[in-house]
file upload22.pdb (PDB, C-alpha atoms (C1' of nucleotides))
MODEL        1
ATOM      1  CA  MET A 193       0.000   0.000   0.000
ATOM      2  CA  ALA A 194       2.718   2.476  -0.852
ATOM      3  CA  ASN A 195       0.465   3.755  -3.594
ATOM      4  CA  ALA A 196       0.212   7.524  -3.054
ATOM      5  CA  SER A 197      -0.528   7.581  -6.740
ATOM      6  CA  PRO A 198      -1.309  10.337  -9.050
ATOM      7  CA  MET A 199      -2.118   8.235 -12.077
ATOM      8  CA  THR A 200      -2.245   9.415 -15.643
ATOM      9  CA  ILE A 201      -5.303   8.699 -17.707
ATOM     10  CA  GLY A 202      -3.465   5.803 -19.345
ATOM     11  CA  ASP A 203      -2.702   4.219 -15.977
ATOM     12  CA  LEU A 204      -6.289   4.589 -14.857
ATOM     13  CA  ALA A 205      -7.589   3.192 -18.098
ATOM     14  CA  ALA A 206      -5.286   0.186 -17.921
ATOM     15  CA  ALA A 207      -6.230  -0.436 -14.274
ATOM     16  CA  THR A 208      -9.914  -0.609 -15.153
ATOM     17  CA  ASP A 209      -9.705  -2.199 -18.567
ATOM     18  CA  THR A 210     -11.140   0.885 -20.208
ATOM     19  CA  SER A 211      -9.935   2.871 -23.178
ATOM     20  CA  VAL A 212      -8.481   6.311 -22.626
ATOM     21  CA  GLU A 213     -11.131   7.821 -24.875
ATOM     22  CA  THR A 214     -13.865   6.212 -22.823
ATOM     23  CA  VAL A 215     -12.452   7.660 -19.607
ATOM     24  CA  ARG A 216     -12.478  11.129 -21.152
ATOM     25  CA  TRP A 217     -15.997  10.488 -22.371
ATOM     26  CA  TYR A 218     -17.166   9.524 -18.848
ATOM     27  CA  GLU A 219     -15.756  12.833 -17.679
ATOM     28  CA  LYS A 220     -17.589  14.725 -20.377
ATOM     29  CA  VAL A 221     -20.914  13.147 -19.479
ATOM     30  CA  LYS A 222     -20.181  13.751 -15.779
ATOM     31  CA  LEU A 223     -19.972  10.194 -14.583
ATOM     32  CA  LEU A 224     -16.418  10.833 -13.500
ATOM     33  CA  PRO A 225     -15.444  14.168 -11.873
ATOM     34  CA  ALA A 226     -12.829  16.252 -13.663
ATOM     35  CA  PRO A 227      -9.494  15.496 -12.003
ATOM     36  CA  ALA A 228      -6.627  17.817 -11.142
ATOM     37  CA  ARG A 229      -4.138  18.645 -13.880
ATOM     38  CA  SER A 230      -0.360  18.491 -13.981
ATOM     39  CA  ALA A 231       1.855  21.406 -15.025
ATOM     40  CA  GLY A 232       1.710  20.058 -18.556
ATOM     41  CA  ASN A 233      -2.107  19.816 -18.459
ATOM     42  CA  TYR A 234      -2.241  16.063 -18.005
ATOM     43  CA  ARG A 235      -5.162  14.658 -16.002
ATOM     44  CA  LEU A 236      -4.062  13.314 -12.615
ATOM     45  CA  TYR A 237      -6.228  10.695 -10.936
ATOM     46  CA  GLY A 238      -6.237   9.375  -7.377
ATOM     47  CA  ARG A 239      -7.683   6.375  -5.565
ATOM     48  CA  GLU A 240     -11.179   7.819  -5.427
ATOM     49  CA  HIS A 241     -11.292   8.095  -9.182
ATOM     50  CA  LEU A 242     -10.134   4.530  -9.508
ATOM     51  CA  ARG A 243     -12.844   3.404  -7.135
ATOM     52  CA  ARG A 244     -15.525   5.312  -8.984
ATOM     53  CA  LEU A 245     -14.452   4.186 -12.429
ATOM     54  CA  SER A 246     -14.350   0.570 -11.268
ATOM     55  CA  PHE A 247     -17.908   0.956 -10.047
ATOM     56  CA  ILE A 248     -18.952   2.392 -13.386
ATOM     57  CA  ARG A 249     -17.304  -0.393 -15.361
ATOM     58  CA  ARG A 250     -18.784  -3.110 -13.218
ATOM     59  CA  GLY A 251     -22.193  -1.545 -13.628
ATOM     60  CA  ARG A 252     -21.751  -1.374 -17.385
ATOM     61  CA  ASP A 253     -20.663  -5.003 -17.432
ATOM     62  CA  LEU A 254     -23.904  -5.810 -15.649
ATOM     63  CA  GLY A 255     -25.709  -3.961 -18.412
ATOM     64  CA  PHE A 256     -26.856  -0.917 -16.467
ATOM     65  CA  THR A 257     -27.262   2.165 -18.642
ATOM     66  CA  VAL A 258     -25.162   5.212 -17.999
ATOM     67  CA  ASP A 259     -28.210   6.956 -16.551
ATOM     68  CA  GLN A 260     -28.872   4.093 -14.170
ATOM     69  CA  ILE A 261     -25.264   4.186 -13.055
ATOM     70  CA  ARG A 262     -25.529   7.900 -12.478
ATOM     71  CA  GLU A 263     -28.489   7.211 -10.185
ATOM     72  CA  LEU A 264     -26.707   4.390  -8.436
ATOM     73  CA  LEU A 265     -23.675   6.594  -7.850
ATOM     74  CA  ALA A 266     -25.833   9.362  -6.426
ATOM     75  CA  LEU A 267     -27.492   6.845  -4.114
ATOM     76  CA  ALA A 268     -24.202   5.280  -3.128
ATOM     77  CA  ASP A 269     -22.858   8.697  -2.167
ATOM     78  CA  ASP A 270     -25.733   9.262   0.220
ATOM     79  CA  ARG A 271     -25.029   6.517   2.670
ATOM     80  CA  ASP A 272     -27.818   7.169   5.125
ATOM     81  CA  ARG A 273     -30.480   6.802   2.498
ATOM     82  CA  SER A 274     -32.550   3.687   2.251
ATOM     83  CA  CYS A 275     -31.304   0.982   0.013
ATOM     84  CA  ALA A 276     -34.787   0.531  -1.428
ATOM     85  CA  GLU A 277     -34.199   2.792  -4.408
ATOM     86  CA  VAL A 278     -31.095   0.854  -5.324
ATOM     87  CA  ASP A 279     -33.119  -2.303  -5.142
ATOM     88  CA  THR A 280     -35.773  -0.774  -7.398
ATOM     89  CA  ILE A 281     -33.258   0.166 -10.058
ATOM     90  CA  ALA A 282     -31.645  -3.238  -9.992
ATOM     91  CA  ARG A 283     -34.964  -5.056 -10.145
ATOM     92  CA  SER A 284     -36.247  -3.003 -13.030
ATOM     93  CA  HIS A 285     -33.020  -3.660 -14.848
ATOM     94  CA  LEU A 286     -33.351  -7.369 -14.197
ATOM     95  CA  ALA A 287     -36.885  -7.264 -15.546
ATOM     96  CA  GLN A 288     -35.610  -5.639 -18.727
ATOM     97  CA  VAL A 289     -32.885  -8.226 -19.085
ATOM     98  CA  GLU A 290     -35.393 -11.021 -18.625
ATOM     99  CA  ARG A 291     -37.662  -9.514 -21.242
ATOM    100  CA  LYS A 292     -34.803  -9.309 -23.708
ATOM    101  CA  LEU A 293     -33.808 -12.848 -22.824
ATOM    102  CA  SER A 294     -37.214 -14.227 -23.667
ATOM    103  CA  ASP A 295     -37.336 -12.221 -26.897
ATOM    104  CA  LEU A 296     -33.988 -13.630 -27.929
ATOM    105  CA  THR A 297     -34.976 -17.146 -27.008
ATOM    106  CA  ARG A 298     -38.022 -16.964 -29.245
ATOM    107  CA  LEU A 299     -35.936 -15.371 -31.969
ATOM    108  CA  ALA A 300     -33.276 -18.067 -31.865
ATOM    109  CA  GLN A 301     -35.923 -20.739 -32.175
ATOM    110  CA  GLU A 302     -37.457 -19.010 -35.191
ATOM    111  CA  LEU A 303     -34.065 -18.748 -36.816
ATOM    112  CA  ARG A 304     -33.332 -22.408 -36.156
ATOM    113  CA  ASP A 305     -36.685 -23.345 -37.710
ATOM    114  CA  VAL A 306     -36.009 -21.239 -40.767
ATOM    115  CA  ILE A 307     -32.487 -22.538 -41.209
ATOM    116  CA  GLY A 308     -33.544 -26.132 -40.701
ATOM    117  CA  GLN A 309     -35.784 -25.961 -43.750
ATOM    118  CA  CYS A 310     -33.040 -24.889 -46.132
ATOM    119  CA  GLY A 311     -32.244 -27.590 -48.648
ATOM    120  CA  CYS A 312     -29.651 -25.279 -50.159
ATOM    121  CA  GLY A 313     -31.004 -25.489 -53.664
ATOM    122  CA  SER A 314     -31.426 -22.329 -55.692
ATOM    123  CA  VAL A 315     -32.804 -19.118 -54.260
ATOM    124  CA  ALA A 316     -35.983 -19.657 -56.256
ATOM    125  CA  ASP A 317     -37.129 -22.200 -53.713
ATOM    126  CA  CYS A 318     -35.168 -21.054 -50.703
ATOM    127  CA  ARG A 319     -37.160 -21.566 -47.573
ATOM    128  CA  ILE A 320     -35.320 -18.868 -45.695
ATOM    129  CA  ILE A 321     -36.210 -16.185 -48.213
ATOM    130  CA  GLU A 322     -39.723 -17.496 -48.268
ATOM    131  CA  ALA A 323     -39.966 -17.311 -44.506
ATOM    132  CA  LEU A 324     -38.981 -13.668 -44.673
ATOM    133  CA  SER A 325     -41.420 -12.823 -47.426
ATOM    134  CA  PRO A 326     -44.957 -11.679 -46.723
ATOM    135  CA  HIS A 327     -46.825 -14.837 -46.007
ATOM    136  CA  GLY A 328     -47.495 -17.091 -48.901
ATOM    137  CA  GLU A 329     -47.087 -14.511 -51.624
ATOM    138  CA  PRO A 330     -45.133 -15.731 -54.642
ATOM    139  CA  SER A 331     -42.644 -13.588 -56.607
TER
ATOM    140  CA  MET B  82     -58.206  -8.388 -54.697
ATOM    141  CA  ALA B  83     -59.564  -5.098 -56.056
ATOM    142  CA  ASN B  84     -56.466  -3.426 -54.667
ATOM    143  CA  ALA B  85     -54.956  -1.531 -57.625
ATOM    144  CA  SER B  86     -53.462   0.662 -54.932
ATOM    145  CA  PRO B  87     -51.259   3.599 -55.070
ATOM    146  CA  MET B  88     -50.695   3.935 -51.348
ATOM    147  CA  THR B  89     -49.440   6.990 -49.547
ATOM    148  CA  ILE B  90     -46.538   6.646 -47.184
ATOM    149  CA  GLY B  91     -48.955   6.646 -44.277
ATOM    150  CA  ASP B  92     -50.903   3.731 -45.725
ATOM    151  CA  LEU B  93     -47.743   1.769 -46.380
ATOM    152  CA  ALA B  94     -46.430   2.497 -42.908
ATOM    153  CA  ALA B  95     -49.695   1.410 -41.291
ATOM    154  CA  ALA B  96     -49.810  -1.761 -43.389
ATOM    155  CA  THR B  97     -46.367  -2.812 -42.201
ATOM    156  CA  ASP B  98     -46.451  -1.486 -38.651
ATOM    157  CA  THR B  99     -43.666   0.950 -39.389
ATOM    158  CA  SER B 100     -43.395   4.663 -38.716
ATOM    159  CA  VAL B 101     -43.534   7.068 -41.622
ATOM    160  CA  GLU B 102     -40.116   8.404 -40.705
ATOM    161  CA  THR B 103     -38.663   4.938 -40.771
ATOM    162  CA  VAL B 104     -40.052   4.309 -44.252
ATOM    163  CA  ARG B 105     -38.414   7.509 -45.469
ATOM    164  CA  TRP B 106     -35.203   6.465 -43.740
ATOM    165  CA  TYR B 107     -35.237   3.069 -45.498
ATOM    166  CA  GLU B 108     -35.496   4.961 -48.759
ATOM    167  CA  LYS B 109     -32.585   7.183 -47.857
ATOM    168  CA  VAL B 110     -30.355   4.232 -47.043
ATOM    169  CA  LYS B 111     -31.514   2.470 -50.209
ATOM    170  CA  LEU B 112     -33.309  -0.467 -48.690
ATOM    171  CA  LEU B 113     -36.485   0.681 -50.355
ATOM    172  CA  PRO B 114     -36.435   2.124 -53.891
ATOM    173  CA  ALA B 115     -37.674   5.697 -54.335
ATOM    174  CA  PRO B 116     -41.306   5.472 -55.428
ATOM    175  CA  ALA B 117     -43.197   7.572 -57.962
ATOM    176  CA  ARG B 118     -44.588  10.904 -56.855
ATOM    177  CA  SER B 119     -48.036  12.418 -57.129
ATOM    178  CA  ALA B 120     -48.723  15.846 -58.566
ATOM    179  CA  GLY B 121     -48.419  17.255 -55.078
ATOM    180  CA  ASN B 122     -45.070  15.493 -54.539
ATOM    181  CA  TYR B 123     -46.439  12.747 -52.323
ATOM    182  CA  ARG B 124     -44.755   9.347 -52.484
ATOM    183  CA  LEU B 125     -46.926   6.721 -54.168
ATOM    184  CA  TYR B 126     -46.290   3.079 -53.374
ATOM    185  CA  GLY B 127     -47.484  -0.110 -55.071
ATOM    186  CA  ARG B 128     -47.672  -3.799 -54.192
ATOM    187  CA  GLU B 129     -43.971  -4.401 -54.821
ATOM    188  CA  HIS B 130     -43.022  -1.796 -52.264
ATOM    189  CA  LEU B 131     -45.357  -3.373 -49.767
ATOM    190  CA  ARG B 132     -43.802  -6.767 -50.401
ATOM    191  CA  ARG B 133     -40.289  -5.435 -50.024
ATOM    192  CA  LEU B 134     -41.013  -3.450 -46.902
ATOM    193  CA  SER B 135     -42.706  -6.461 -45.325
ATOM    194  CA  PHE B 136     -39.584  -8.473 -46.029
ATOM    195  CA  ILE B 137     -37.424  -5.792 -44.448
ATOM    196  CA  ARG B 138     -39.579  -5.559 -41.349
ATOM    197  CA  ARG B 139     -39.713  -9.293 -40.884
ATOM    198  CA  GLY B 140     -35.941  -9.430 -41.205
ATOM    199  CA  ARG B 141     -35.532  -6.663 -38.649
ATOM    200  CA  ASP B 142     -37.908  -8.471 -36.302
ATOM    201  CA  LEU B 143     -35.670 -11.494 -36.642
ATOM    202  CA  GLY B 144     -32.776  -9.283 -35.648
ATOM    203  CA  PHE B 145     -30.971  -9.095 -38.977
ATOM    204  CA  THR B 146     -29.021  -5.876 -39.414
ATOM    205  CA  VAL B 147     -29.866  -3.514 -42.220
ATOM    206  CA  ASP B 148     -26.717  -4.630 -44.030
ATOM    207  CA  GLN B 149     -27.682  -8.270 -43.745
ATOM    208  CA  ILE B 150     -31.118  -7.480 -45.102
ATOM    209  CA  ARG B 151     -29.562  -5.629 -47.983
ATOM    210  CA  GLU B 152     -27.598  -8.792 -48.789
ATOM    211  CA  LEU B 153     -30.635 -10.991 -48.395
ATOM    212  CA  LEU B 154     -32.633  -8.743 -50.703
ATOM    213  CA  ALA B 155     -29.895  -8.824 -53.326
ATOM    214  CA  LEU B 156     -29.802 -12.622 -53.111
ATOM    215  CA  ALA B 157     -33.578 -12.913 -53.205
ATOM    216  CA  ASP B 158     -33.670 -10.793 -56.360
ATOM    217  CA  ASP B 159     -31.252 -13.121 -58.118
ATOM    218  CA  ARG B 160     -33.370 -16.246 -58.179
ATOM    219  CA  ASP B 161     -30.956 -18.540 -59.983
ATOM    220  CA  ARG B 162     -28.258 -18.116 -57.419
ATOM    221  CA  SER B 163     -27.547 -20.792 -54.848
ATOM    222  CA  CYS B 164     -29.345 -20.604 -51.591
ATOM    223  CA  ALA B 165     -26.102 -21.371 -49.751
ATOM    224  CA  GLU B 166     -25.216 -17.730 -49.195
ATOM    225  CA  VAL B 167     -28.591 -17.089 -47.644
ATOM    226  CA  ASP B 168     -28.010 -20.033 -45.372
ATOM    227  CA  THR B 169     -24.600 -18.670 -44.381
ATOM    228  CA  ILE B 170     -26.006 -15.278 -43.425
ATOM    229  CA  ALA B 171     -28.783 -16.847 -41.399
ATOM    230  CA  ARG B 172     -26.438 -19.236 -39.614
ATOM    231  CA  SER B 173     -23.946 -16.548 -38.695
ATOM    232  CA  HIS B 174     -26.784 -14.457 -37.381
ATOM    233  CA  LEU B 175     -28.066 -17.359 -35.326
ATOM    234  CA  ALA B 176     -24.586 -17.812 -33.868
ATOM    235  CA  GLN B 177     -24.553 -14.154 -32.832
ATOM    236  CA  VAL B 178     -27.966 -14.453 -31.258
ATOM    237  CA  GLU B 179     -26.891 -17.519 -29.323
ATOM    238  CA  ARG B 180     -23.796 -15.736 -28.079
ATOM    239  CA  LYS B 181     -25.872 -12.809 -26.865
ATOM    240  CA  LEU B 182     -28.307 -15.214 -25.280
ATOM    241  CA  SER B 183     -25.650 -16.884 -23.199
ATOM    242  CA  ASP B 184     -24.205 -13.521 -22.169
ATOM    243  CA  LEU B 185     -27.610 -12.354 -21.024
ATOM    244  CA  THR B 186     -28.304 -15.573 -19.189
ATOM    245  CA  ARG B 187     -25.130 -15.174 -17.185
ATOM    246  CA  LEU B 188     -25.929 -11.508 -16.608
ATOM    247  CA  ALA B 189     -29.447 -12.195 -15.347
ATOM    248  CA  GLN B 190     -28.106 -14.729 -12.870
ATOM    249  CA  GLU B 191     -25.561 -12.254 -11.551
ATOM    250  CA  LEU B 192     -28.263  -9.657 -11.130
ATOM    251  CA  ARG B 193     -30.509 -12.101  -9.324
ATOM    252  CA  ASP B 194     -27.654 -12.965  -6.976
ATOM    253  CA  VAL B 195     -26.942  -9.329  -6.266
ATOM    254  CA  ILE B 196     -30.590  -8.447  -5.726
ATOM    255  CA  GLY B 197     -31.179 -11.489  -3.553
ATOM    256  CA  GLN B 198     -28.668 -10.233  -1.041
ATOM    257  CA  CYS B 199     -30.372  -6.898  -0.520
ATOM    258  CA  GLY B 200     -31.867  -6.601   2.920
ATOM    259  CA  CYS B 201     -33.094  -3.132   2.039
ATOM    260  CA  GLY B 202     -31.487  -1.419   4.983
ATOM    261  CA  SER B 203     -29.547   1.779   4.467
ATOM    262  CA  VAL B 204     -27.226   2.335   1.570
ATOM    263  CA  ALA B 205     -24.295   2.107   3.953
ATOM    264  CA  ASP B 206     -24.619  -1.645   4.017
ATOM    265  CA  CYS B 207     -26.329  -2.206   0.715
ATOM    266  CA  ARG B 208     -25.177  -5.397  -0.884
ATOM    267  CA  ILE B 209     -25.984  -4.200  -4.359
ATOM    268  CA  ILE B 210     -23.761  -1.168  -4.085
ATOM    269  CA  GLU B 211     -21.115  -3.338  -2.509
ATOM    270  CA  ALA B 212     -21.310  -5.814  -5.356
ATOM    271  CA  LEU B 213     -20.698  -3.001  -7.765
ATOM    272  CA  SER B 214     -17.831  -1.524  -5.811
ATOM    273  CA  PRO B 215     -14.230  -2.543  -6.368
ATOM    274  CA  HIS B 216     -13.873  -5.735  -4.485
ATOM    275  CA  GLY B 217     -13.916  -5.483  -0.745
ATOM    276  CA  GLU B 218     -12.922  -1.840  -0.503
ATOM    277  CA  PRO B 219     -14.868   0.133   2.090
ATOM    278  CA  SER B 220     -16.069   3.701   1.559
TER
ATOM    279  C1'  DT C 243      21.551  18.641 -27.080
ATOM    280  C1'  DA C 244      18.775  16.657 -30.378
ATOM    281  C1'  DT C 245      15.539  13.506 -31.560
ATOM    282  C1'  DG C 246      12.604   9.938 -31.324
ATOM    283  C1'  DC C 247       8.780   7.830 -29.355
ATOM    284  C1'  DA C 248       5.051   6.959 -26.289
ATOM    285  C1'  DC C 249       1.957   9.263 -24.267
ATOM    286  C1'  DC C 250      -1.234  13.247 -23.448
ATOM    287  C1'  DC C 251      -4.463  17.292 -25.012
ATOM    288  C1'  DT C 252      -8.907  19.296 -27.506
ATOM    289  C1'  DG C 253     -12.325  18.915 -30.766
ATOM    290  C1'  DT C 254     -15.017  16.808 -34.182
ATOM    291  C1'  DA C 255     -17.088  13.139 -36.841
ATOM    292  C1'  DG C 256     -18.769   8.528 -37.158
ATOM    293  C1'  DC C 257     -21.316   4.012 -35.948
ATOM    294  C1'  DA C 258     -26.657   1.592 -35.875
ATOM    295  C1'  DA C 259     -31.183   2.275 -36.569
ATOM    296  C1'  DC C 260     -33.920   5.021 -35.972
ATOM    297  C1'  DT C 261     -36.826   9.210 -33.599
ATOM    298  C1'  DA C 262     -38.174  13.906 -33.203
ATOM    299  C1'  DC C 263     -38.656  18.050 -34.472
ATOM    300  C1'  DA C 264     -38.984  22.727 -37.375
ATOM    301  C1'  DG C 265     -40.891  24.971 -40.909
ATOM    302  C1'  DG C 266     -43.230  24.454 -44.516
ATOM    303  C1'  DG C 267     -46.848  22.385 -48.543
ATOM    304  C1'  DT C 268     -51.279  19.456 -49.991
ATOM    305  C1'  DC C 269     -55.815  17.835 -49.868
ATOM    306  C1'  DA C 270     -60.510  16.657 -48.610
ATOM    307  C1'  DA C 271     -64.415  17.863 -45.694
ATOM    308  C1'  DG C 272     -67.534  21.131 -43.772
TER
ATOM    309  C1'  DC D  26     -62.289  29.355 -46.863
ATOM    310  C1'  DT D  27     -60.716  27.475 -43.042
ATOM    311  C1'  DT D  28     -59.617  23.575 -40.275
ATOM    312  C1'  DG D  29     -57.157  19.516 -39.660
ATOM    313  C1'  DA D  30     -54.904  15.453 -41.049
ATOM    314  C1'  DC D  31     -51.677  14.272 -43.703
ATOM    315  C1'  DC D  32     -47.321  14.944 -46.560
ATOM    316  C1'  DC D  33     -42.570  17.224 -47.769
ATOM    317  C1'  DT D  34     -37.308  18.298 -46.757
ATOM    318  C1'  DG D  35     -33.703  18.815 -43.744
ATOM    319  C1'  DT D  36     -31.385  18.644 -39.518
ATOM    320  C1'  DA D  37     -30.358  17.270 -34.857
ATOM    321  C1'  DG D  38     -30.829  13.984 -31.180
ATOM    322  C1'  DT D  39     -30.511   9.202 -29.084
ATOM    323  C1'  DT D  40     -26.753   5.400 -26.633
ATOM    324  C1'  DG D  41     -22.160   4.404 -25.554
ATOM    325  C1'  DC D  42     -18.711   4.741 -27.171
ATOM    326  C1'  DT D  43     -14.631   4.718 -31.146
ATOM    327  C1'  DA D  44     -11.551   6.966 -34.343
ATOM    328  C1'  DC D  45      -9.287  10.303 -36.036
ATOM    329  C1'  DA D  46      -6.763  15.116 -36.912
ATOM    330  C1'  DG D  47      -3.671  18.201 -35.414
ATOM    331  C1'  DG D  48      -1.289  19.429 -32.008
ATOM    332  C1'  DG D  49       1.692  19.442 -27.025
ATOM    333  C1'  DT D  50       4.551  16.816 -23.133
ATOM    334  C1'  DG D  51       7.941  13.992 -21.049
ATOM    335  C1'  DC D  52      11.440  10.704 -20.790
ATOM    336  C1'  DA D  53      15.254   7.969 -22.622
ATOM    337  C1'  DT D  54      18.777   7.370 -25.767
ATOM    338  C1'  DA D  55      22.553   8.685 -29.233
TER
ENDMDL
END
call {"tool": "encode", "arguments": {"input": "upload22.pdb", "output": "structure tokens"}}
result
Amino acid sequence: MANASPMTIGDLAAATDTSVETVRWYEKVKLLPAPARSAGNYRLYGREHLRRLSFIRRGRDLGFTVDQIRELLALADDRDRSCAEVDTIARSHLAQVERKLSDLTRLAQELRDVIGQCGCGSVADCRIIEALSPHGEPS
Amino acid sequence: MANASPMTIGDLAAATDTSVETVRWYEKVKLLPAPARSAGNYRLYGREHLRRLSFIRRGRDLGFTVDQIRELLALADDRDRSCAEVDTIARSHLAQVERKLSDLTRLAQELRDVIGQCGCGSVADCRIIEALSPHGEPS
DNA sequence: TATGCACCCTGTAGCAACTACAGGGTCAAG
DNA sequence: CTTGACCCTGTAGTTGCTACAGGGTGCATA
């Protein structure tokens, strides 16, 4: 723990598996506070920035939108507040994910059906094209 | 079948469950050919446009990208060609869908785990926030 | 000391696939 | 002849970045 650490943007990016451009973009959209600057105008980050960016990245990995993460960060900063709002955000996100999951499941099955019918003859009697065409209409 | 039909853009949009703006956008990106115009400069569509737009919408519903649909349309127009290319596009799309499906399945489970731990006390000991935070670090 | 190279800066444009105006014109009904 | 629903073009916004262009900085090496 000898890490007194002003990190450059490249260090921070590497530490969080983020691209430098993305870090700058998080600053622009105010997910990440603007850090101090060096004499040569380089951004200098500390442990708190690292913590916050890690939070953001983990949230993104879990599929939260940037707006949801903004809310979560605001809630996390207000430690006396009830956790219920956090729970609400997470649950509504889960509901969305589950909706998308069931859509994709149906979709995959439809695709498998369509593909299964392909005898790979000529396009003229391709079942896939036919399945995409308005139902039953020829040429 | 008394439908000799020049449709307006609104009719076409309604018939395919598409927004008028989207129809115009498909024209701009050359998925849909520019139709004839009325005296008052209104777009006039016929049965072929309806057929093509239905194809496009069905493809989009099945999650094909606009580029993939463009390819599929080109293949469908060339009826002597082998159906193998169509099959390839569909299979690679299915593979993508299945990849996304497994990602989302994992994601949903992680979210359920995180949410399950929430006792809904104060944020200070919120498990959800903790799960998002860099591992094990307090405040 | 020069010079190369990796890194940093700002700002803008692009991606997918639309959506949402603003600021007009057209057309049929009443 | 006016109202209202529709249509036109063109541009900007959405999400979450990514990819430059055209510079400046900082450190090591010759």
call {"tool": "residues_around", "arguments": {"input": "upload22.pdb", "residues": "D:DG49", "least_positions_apart": "6", "cutoff": "10 Å", "atoms": "only C-alpha atoms (C1' of nucleotides)", "output": "list in words"}}
result
Gly232 and Asn233 of chain A; DC250 and DC251 of chain C
call {"tool": "interface_residues", "arguments": {"input": "upload22.pdb", "of": "chain B", "to": "chain C", "cutoff": "12 Å", "atoms": "all atoms listed in the file", "output": "PyMOL selection string"}}
result
chain B and resi 99-107+110+119-123+141+144-148
call {"tool": "closest_atom_pairs", "arguments": {"input": "upload22.pdb", "of": "chain D", "to": "chain A", "cutoff": "10 Å", "atoms": "all atoms listed in the file", "output": "Markdown table"}}
result
| residue | atom | partner | partner_atom | distance |
| --- | --- | --- | --- | --- |
| D:DT40 | C1' | A:Thr257 | CA | 8.6 |
| D:DG41 | C1' | A:Val258 | CA | 8.2 |
| D:DC42 | C1' | A:Thr214 | CA | 6.7 |
| D:DT43 | C1' | A:Glu213 | CA | 7.8 |
| D:DA44 | C1' | A:Glu213 | CA | 9.5 |
| D:DG49 | C1' | A:Gly232 | CA | 8.5 |
| D:DT50 | C1' | A:Gly232 | CA | 6.3 |
| D:DG51 | C1' | A:Gly232 | CA | 9.0 |
call {"tool": "write_last_selection", "arguments": {"input": "upload22.pdb", "atoms": "C-alpha atoms (C1' of nucleotides)", "output": "PDB file, in the coordinates of the input"}}
result
ATOM      1  C1'  DT D  40     -26.753   5.400 -26.633  1.00  0.00           C
ATOM      2  C1'  DG D  41     -22.160   4.404 -25.554  1.00  0.00           C
ATOM      3  C1'  DC D  42     -18.711   4.741 -27.171  1.00  0.00           C
ATOM      4  C1'  DT D  43     -14.631   4.718 -31.146  1.00  0.00           C
ATOM      5  C1'  DA D  44     -11.551   6.966 -34.343  1.00  0.00           C
ATOM      6  C1'  DG D  49       1.692  19.442 -27.025  1.00  0.00           C
ATOM      7  C1'  DT D  50       4.551  16.816 -23.133  1.00  0.00           C
ATOM      8  C1'  DG D  51       7.941  13.992 -21.049  1.00  0.00           C
TER       9       DG D  51
END
call {"tool": "atom_distance", "arguments": {"input": "upload22.pdb", "atom1": "atom CA of B:Pro87", "atom2": "atom CA of B:Arg138"}}
result
20.2 Å
call {"tool": "residues_around", "arguments": {"input": "upload22.pdb", "residues": "B:Ala176", "least_positions_apart": "6", "cutoff": "12 Å", "atoms": "only C-alpha atoms (C1' of nucleotides)", "output": "list in words"}}
result
Leu296, Leu299, Ala300, Gln301, Leu303, Arg304 and Ile307 of chain A; Gly144, Phe145, Thr169, Ile170, Leu182 and Ser183 of chain B
call {"tool": "closest_residue", "arguments": {"input": "upload22.pdb", "among": "B:Ser173, B:Phe136, B:Gly197, B:Arg180", "to": "chain A", "atoms": "all atoms listed in the file"}}
result
B:Phe136
call {"tool": "closest_residue", "arguments": {"input": "upload22.pdb", "among": "B:Ser163, B:Asp142, B:Asp184, B:Glu191", "to": "chain A", "atoms": "all atoms listed in the file"}}
result
B:Ser163
call {"tool": "closest_residue", "arguments": {"input": "upload22.pdb", "among": "B:Glu108, B:Arg124, B:Ala94, B:Arg208", "to": "D:DC32", "atoms": "all atoms listed in the file"}}
result
B:Arg124
call {"tool": "resolve_selection", "arguments": {"input": "upload22.pdb", "expression": "the PyMOL selection byres ((chain A and resi 244) around 10)", "output": "ChimeraX atom specification"}}
result
/A:223-225,239-243,245-250,265 /B:213-215
call {"tool": "closest_residue", "arguments": {"input": "upload22.pdb", "among": "B:Gln198, B:Glu211, B:Asp92, B:Cys164", "to": "chain A", "atoms": "all atoms listed in the file"}}
result
B:Cys164
call {"tool": "atom_distance", "arguments": {"input": "upload22.pdb", "atom1": "atom CA of B:Thr186", "atom2": "atom CA of A:His285"}}
result
13.5 Å
call {"tool": "atom_distance", "arguments": {"input": "upload22.pdb", "atom1": "atom CA of A:Ala282", "atom2": "atom CA of B:Ile209"}}
result
8.0 Å
call {"tool": "closest_residue", "arguments": {"input": "upload22.pdb", "among": "B:Cys207, B:Leu125, B:Ile150, B:Ile90", "to": "chain A", "atoms": "all atoms listed in the file"}}
result
B:Cys207
call {"tool": "closest_residue", "arguments": {"input": "upload22.pdb", "among": "B:Ala96, B:Leu143, B:Ala117, B:Met88", "to": "chain A", "atoms": "all atoms listed in the file"}}
result
B:Leu143
